[in-house]
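What follows is a set of notes on a single structure, which appears directly below.
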2 protein chains.
Amino acid sequence: MKKKRIGDTQCPIARGLERVGEWWSILILRDALHGYSRFDQFQQSLGIAPNMLTRRLASLVKSGLLERRLYNQRPPRYEYVLTDKGRDFRPVLLALMAWGNRHFTPEGKALLLVDARTGKPADPILTDRLTGRPMTDKDFVLRPGPAAKARIRDRYAVP
Amino acid sequence: MKKKRIGDTQCPIARGLERVGEWWSILILRDALHGYSRFDQFQQSLGIAPNMLTRRLASLVKSGLLERRLYNQRPPRYEYVLTDKGRDFRPVLLALMAWGNRHFTPEGKALLLVDARTGKPADPILTDRLTGRPMTDKDFVLRPGPAAKARIRDRYAVP
């Protein structure tokens, strides 16, 4: 993977993707948001090779999404706990889950997001916090921000 | 990548990830949502090797997120157009963008989501379509759906 190349961009989507790296990392974040923190829990959940899991955990720690904490002195044992940045990945996962549920579950839904107060299935949509309007429509567009350099300014200029 | 393994799961997040594959694919979807459809446009935007781009486009077509259309007979030229499933990936990208903007733009924001009516920057949050409540709180939880098999039932059972 050409990490350097993607890191050079100003695009916040690419910046975010650079941190989550590949989908093993995204599934580790999913598990961490579910409450898992120990190597064995991740490994059992993901069925991933130990050396690969070690690399992905180290990468998530380096990106500031997980924090490595000693939870046992002898022998030394570490757990991996979400940072604020890592916890804030939750909406991305929920959006991904809703998309997966809508299109790739021909046999029916195996996992639902549920309103804990009522027990009713929820339907996550993106809305604008300021106006409450749903972002499903075309009324929300991408535009260059104050820090945009030429490449982004040209691409997202007002038509 | 262990496609088979991840495809075996019932988790809708993993099912979705299987379709987008790796982050090149996600950036191709970003560009397609921006309006790009031709090989040269993607290549210029991404700076990706042609053979890799060919593979990623073929994979997105196979997953039903892009459709390949002949737009020129002689010589034959194809464009890649979003399907409904592909277009519906937009909320995931916007959630990813918001996350990237919050945490990984120390020099300021280069790209903003803007309300086209007012020109004001929007702040995308996930809400429940049914109740309008924001999903940032802990009141929305994951629970097994009707199609859940033992693995998902055990994992997401009511505590």
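In the structure tokens, chains take the letters A, B, ... in the order shown, each chain's residues start at 1, and ligands count up from 1 in the order shown.
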
Which chain A residues are at most 6 Å from chain B (counting only C-alpha atoms), as a ChimeraX atom specification? /A:12-13,15-16,22,92,95-97,100-101,108-116,122-129,139-145,147-148

Any chance you could export the current selection's N, CA and C atoms as a compact mmCIF listing (two decimals), in the first residue's frame?
```
# COMPACT_ATOMS: atom_id res chain seq x y z
N PRO A 12 -9.96 14.77 3.60
CA PRO A 12 -10.18 14.18 4.93
C PRO A 12 -10.61 12.71 4.87
N ILE A 13 -11.22 12.30 3.77
CA ILE A 13 -11.58 10.89 3.62
C ILE A 13 -10.29 10.06 3.52
N ARG A 15 -7.35 10.97 4.51
CA ARG A 15 -6.65 11.07 5.80
C ARG A 15 -7.19 10.06 6.80
N GLY A 16 -8.51 9.94 6.80
CA GLY A 16 -9.12 8.98 7.71
C GLY A 16 -8.77 7.56 7.33
N GLU A 22 -6.63 -0.88 6.61
CA GLU A 22 -7.31 -1.92 5.85
C GLU A 22 -8.43 -2.48 6.71
N VAL A 92 -18.97 6.05 11.68
CA VAL A 92 -18.54 5.46 10.41
C VAL A 92 -18.94 3.99 10.38
N ALA A 95 -22.71 3.67 9.96
CA ALA A 95 -23.12 3.95 8.58
C ALA A 95 -22.78 2.76 7.68
N LEU A 96 -21.62 2.18 7.92
CA LEU A 96 -21.20 1.00 7.15
C LEU A 96 -22.13 -0.18 7.43
N MET A 97 -22.51 -0.32 8.68
CA MET A 97 -23.42 -1.40 9.05
C MET A 97 -24.78 -1.22 8.38
N GLY A 100 -24.42 -2.14 4.77
CA GLY A 100 -24.35 -3.59 4.63
C GLY A 100 -25.70 -4.25 4.84
N ASN A 101 -26.42 -3.77 5.83
CA ASN A 101 -27.75 -4.35 6.10
C ASN A 101 -28.73 -4.10 4.96
N GLY A 108 -31.73 -12.10 5.31
CA GLY A 108 -32.33 -11.41 6.44
C GLY A 108 -31.26 -10.80 7.31
N LYS A 109 -31.65 -9.92 8.19
CA LYS A 109 -30.68 -9.17 8.99
C LYS A 109 -30.24 -9.97 10.21
N ALA A 110 -28.94 -10.08 10.40
CA ALA A 110 -28.40 -10.81 11.54
C ALA A 110 -28.07 -9.87 12.69
N LEU A 111 -27.93 -8.59 12.37
CA LEU A 111 -27.52 -7.63 13.38
C LEU A 111 -28.31 -6.34 13.18
N LEU A 112 -28.87 -5.84 14.26
CA LEU A 112 -29.68 -4.64 14.17
C LEU A 112 -29.19 -3.60 15.15
N LEU A 113 -29.40 -2.36 14.78
CA LEU A 113 -29.19 -1.27 15.71
C LEU A 113 -30.55 -0.99 16.33
N VAL A 114 -30.59 -1.01 17.66
CA VAL A 114 -31.88 -0.98 18.35
C VAL A 114 -31.91 0.17 19.34
N ASP A 115 -33.06 0.81 19.39
CA ASP A 115 -33.29 1.84 20.40
C ASP A 115 -33.44 1.16 21.76
N ALA A 116 -32.49 1.43 22.65
CA ALA A 116 -32.47 0.71 23.93
C ALA A 116 -33.69 1.03 24.79
N ALA A 122 -33.68 0.73 14.94
CA ALA A 122 -33.47 2.12 14.53
C ALA A 122 -32.99 2.15 13.09
N ASP A 123 -33.15 3.30 12.47
CA ASP A 123 -32.74 3.47 11.08
C ASP A 123 -31.80 4.66 11.01
N PRO A 124 -30.49 4.41 11.05
CA PRO A 124 -29.54 5.52 11.11
C PRO A 124 -29.43 6.25 9.79
N ILE A 125 -29.64 7.56 9.85
CA ILE A 125 -29.40 8.39 8.67
C ILE A 125 -28.54 9.57 9.09
N LEU A 126 -27.84 10.13 8.12
CA LEU A 126 -27.02 11.30 8.39
C LEU A 126 -27.90 12.54 8.28
N THR A 127 -27.83 13.38 9.30
CA THR A 127 -28.53 14.66 9.24
C THR A 127 -27.54 15.77 9.59
N ASP A 128 -27.92 16.97 9.25
CA ASP A 128 -27.10 18.12 9.62
C ASP A 128 -27.48 18.53 11.03
N ARG A 129 -26.49 18.59 11.91
CA ARG A 129 -26.78 18.90 13.30
C ARG A 129 -27.40 20.30 13.44
N ASP A 139 -28.80 18.49 -1.36
CA ASP A 139 -28.66 19.87 -0.93
C ASP A 139 -27.38 20.13 -0.14
N PHE A 140 -26.63 19.07 0.11
CA PHE A 140 -25.37 19.25 0.82
C PHE A 140 -24.23 18.87 -0.11
N VAL A 141 -23.36 19.81 -0.35
CA VAL A 141 -22.32 19.62 -1.36
C VAL A 141 -20.94 19.83 -0.74
N LEU A 142 -19.92 19.30 -1.40
CA LEU A 142 -18.55 19.46 -0.93
C LEU A 142 -17.96 20.74 -1.52
N ARG A 143 -17.31 21.49 -0.67
CA ARG A 143 -16.69 22.74 -1.11
C ARG A 143 -15.31 22.87 -0.46
N PRO A 144 -14.41 23.62 -1.09
CA PRO A 144 -13.09 23.79 -0.48
C PRO A 144 -13.20 24.51 0.86
N GLY A 145 -12.41 24.08 1.82
CA GLY A 145 -12.36 24.74 3.12
C GLY A 145 -11.26 25.77 3.15
N ALA A 147 -8.38 25.85 4.45
CA ALA A 147 -7.00 25.40 4.30
C ALA A 147 -6.73 24.75 2.94
N ALA A 148 -7.71 24.78 2.04
CA ALA A 148 -7.56 24.06 0.76
C ALA A 148 -6.44 24.63 -0.08
```

Please return, as a VMD selection string, all residues of chain B that DSSP assigns to strand (DSSP E) on the basis of the backbone. chain B and resid 66 to 72 77 to 82 111 to 115 124 to 128 140 to 144

Handout entry: In chain A, DSSP helix (DSSP H, G or I) residues written as a PyMOL selection string
Key = chain A and resi 3-7+12-20+23-34+39-46+50-62+84-87+90-103+150-155

Can I get the selection written as a PDB file, in the first residue's frame, with C-alpha atoms?
```
ATOM      1  CA  LYS A   3       0.922   5.020   2.448  1.00  0.00           C
ATOM      2  CA  LYS A   4       3.014   8.020   1.589  1.00  0.00           C
ATOM      3  CA  ARG A   5       1.011   8.875  -1.466  1.00  0.00           C
ATOM      4  CA  ILE A   6      -2.340   8.819   0.283  1.00  0.00           C
ATOM      5  CA  GLY A   7      -0.876  10.737   3.222  1.00  0.00           C
ATOM      6  CA  PRO A  12     -10.176  14.175   4.935  1.00  0.00           C
ATOM      7  CA  ILE A  13     -11.576  10.886   3.621  1.00  0.00           C
ATOM      8  CA  ALA A  14      -8.111   9.793   2.523  1.00  0.00           C
ATOM      9  CA  ARG A  15      -6.653  11.073   5.795  1.00  0.00           C
ATOM     10  CA  GLY A  16      -9.121   8.979   7.710  1.00  0.00           C
ATOM     11  CA  LEU A  17      -8.560   5.906   5.570  1.00  0.00           C
ATOM     12  CA  GLU A  18      -4.848   6.199   6.109  1.00  0.00           C
ATOM     13  CA  ARG A  19      -5.477   5.703   9.831  1.00  0.00           C
ATOM     14  CA  VAL A  20      -7.767   2.728   9.585  1.00  0.00           C
ATOM     15  CA  TRP A  23     -10.395  -3.761   6.844  1.00  0.00           C
ATOM     16  CA  TRP A  24      -8.799  -5.823   9.580  1.00  0.00           C
ATOM     17  CA  SER A  25      -8.255  -2.550  11.384  1.00  0.00           C
ATOM     18  CA  ILE A  26     -11.865  -1.551  10.911  1.00  0.00           C
ATOM     19  CA  LEU A  27     -13.025  -4.878  12.351  1.00  0.00           C
ATOM     20  CA  ILE A  28     -10.673  -4.442  15.304  1.00  0.00           C
ATOM     21  CA  LEU A  29     -12.275  -1.047  15.944  1.00  0.00           C
ATOM     22  CA  ARG A  30     -15.689  -2.696  15.670  1.00  0.00           C
ATOM     23  CA  ASP A  31     -14.656  -5.228  18.312  1.00  0.00           C
ATOM     24  CA  ALA A  32     -13.131  -2.564  20.535  1.00  0.00           C
ATOM     25  CA  LEU A  33     -16.385  -0.591  20.386  1.00  0.00           C
ATOM     26  CA  HIS A  34     -18.135  -3.802  21.369  1.00  0.00           C
ATOM     27  CA  PHE A  39      -5.373  -9.795  22.278  1.00  0.00           C
ATOM     28  CA  ASP A  40      -7.130 -13.122  22.764  1.00  0.00           C
ATOM     29  CA  GLN A  41     -10.563 -11.555  22.400  1.00  0.00           C
ATOM     30  CA  PHE A  42      -9.649  -9.925  19.100  1.00  0.00           C
ATOM     31  CA  GLN A  43      -7.996 -13.051  17.833  1.00  0.00           C
ATOM     32  CA  GLN A  44     -10.925 -15.269  18.663  1.00  0.00           C
ATOM     33  CA  SER A  45     -13.389 -12.833  17.163  1.00  0.00           C
ATOM     34  CA  LEU A  46     -11.488 -12.263  13.930  1.00  0.00           C
ATOM     35  CA  PRO A  50      -1.350 -13.594  15.579  1.00  0.00           C
ATOM     36  CA  ASN A  51       1.471 -11.795  13.760  1.00  0.00           C
ATOM     37  CA  MET A  52      -1.023  -9.940  11.569  1.00  0.00           C
ATOM     38  CA  LEU A  53      -3.106  -8.978  14.612  1.00  0.00           C
ATOM     39  CA  THR A  54       0.025  -7.707  16.359  1.00  0.00           C
ATOM     40  CA  ARG A  55       0.815  -5.512  13.353  1.00  0.00           C
ATOM     41  CA  ARG A  56      -2.693  -4.139  13.026  1.00  0.00           C
ATOM     42  CA  LEU A  57      -2.924  -3.349  16.757  1.00  0.00           C
ATOM     43  CA  ALA A  58       0.459  -1.601  16.649  1.00  0.00           C
ATOM     44  CA  SER A  59      -0.691   0.420  13.656  1.00  0.00           C
ATOM     45  CA  LEU A  60      -3.892   1.492  15.417  1.00  0.00           C
ATOM     46  CA  VAL A  61      -1.878   2.492  18.486  1.00  0.00           C
ATOM     47  CA  LYS A  62       0.518   4.485  16.300  1.00  0.00           C
ATOM     48  CA  ASP A  84     -11.422   9.455  21.981  1.00  0.00           C
ATOM     49  CA  LYS A  85     -10.464   9.460  18.298  1.00  0.00           C
ATOM     50  CA  GLY A  86     -11.024   5.735  18.102  1.00  0.00           C
ATOM     51  CA  ARG A  87     -14.373   5.929  19.879  1.00  0.00           C
ATOM     52  CA  ARG A  90     -18.463   4.714  15.760  1.00  0.00           C
ATOM     53  CA  PRO A  91     -20.640   6.719  13.316  1.00  0.00           C
ATOM     54  CA  VAL A  92     -18.541   5.460  10.409  1.00  0.00           C
ATOM     55  CA  LEU A  93     -19.076   1.886  11.553  1.00  0.00           C
ATOM     56  CA  LEU A  94     -22.792   2.411  12.033  1.00  0.00           C
ATOM     57  CA  ALA A  95     -23.115   3.952   8.576  1.00  0.00           C
ATOM     58  CA  LEU A  96     -21.203   0.999   7.151  1.00  0.00           C
ATOM     59  CA  MET A  97     -23.418  -1.397   9.054  1.00  0.00           C
ATOM     60  CA  ALA A  98     -26.601   0.252   7.764  1.00  0.00           C
ATOM     61  CA  TRP A  99     -25.264   0.065   4.204  1.00  0.00           C
ATOM     62  CA  GLY A 100     -24.346  -3.595   4.629  1.00  0.00           C
ATOM     63  CA  ASN A 101     -27.752  -4.346   6.103  1.00  0.00           C
ATOM     64  CA  ARG A 102     -29.582  -2.652   3.250  1.00  0.00           C
ATOM     65  CA  HIS A 103     -27.759  -4.374   0.425  1.00  0.00           C
ATOM     66  CA  ALA A 150      -4.904  24.443  -5.405  1.00  0.00           C
ATOM     67  CA  ARG A 151      -5.754  20.813  -6.065  1.00  0.00           C
ATOM     68  CA  ILE A 152      -8.785  20.737  -3.772  1.00  0.00           C
ATOM     69  CA  ARG A 153      -9.804  24.297  -4.669  1.00  0.00           C
ATOM     70  CA  ASP A 154      -9.923  23.416  -8.369  1.00  0.00           C
ATOM     71  CA  ARG A 155     -11.709  20.164  -7.883  1.00  0.00           C
TER      72      ARG A 155
END
```
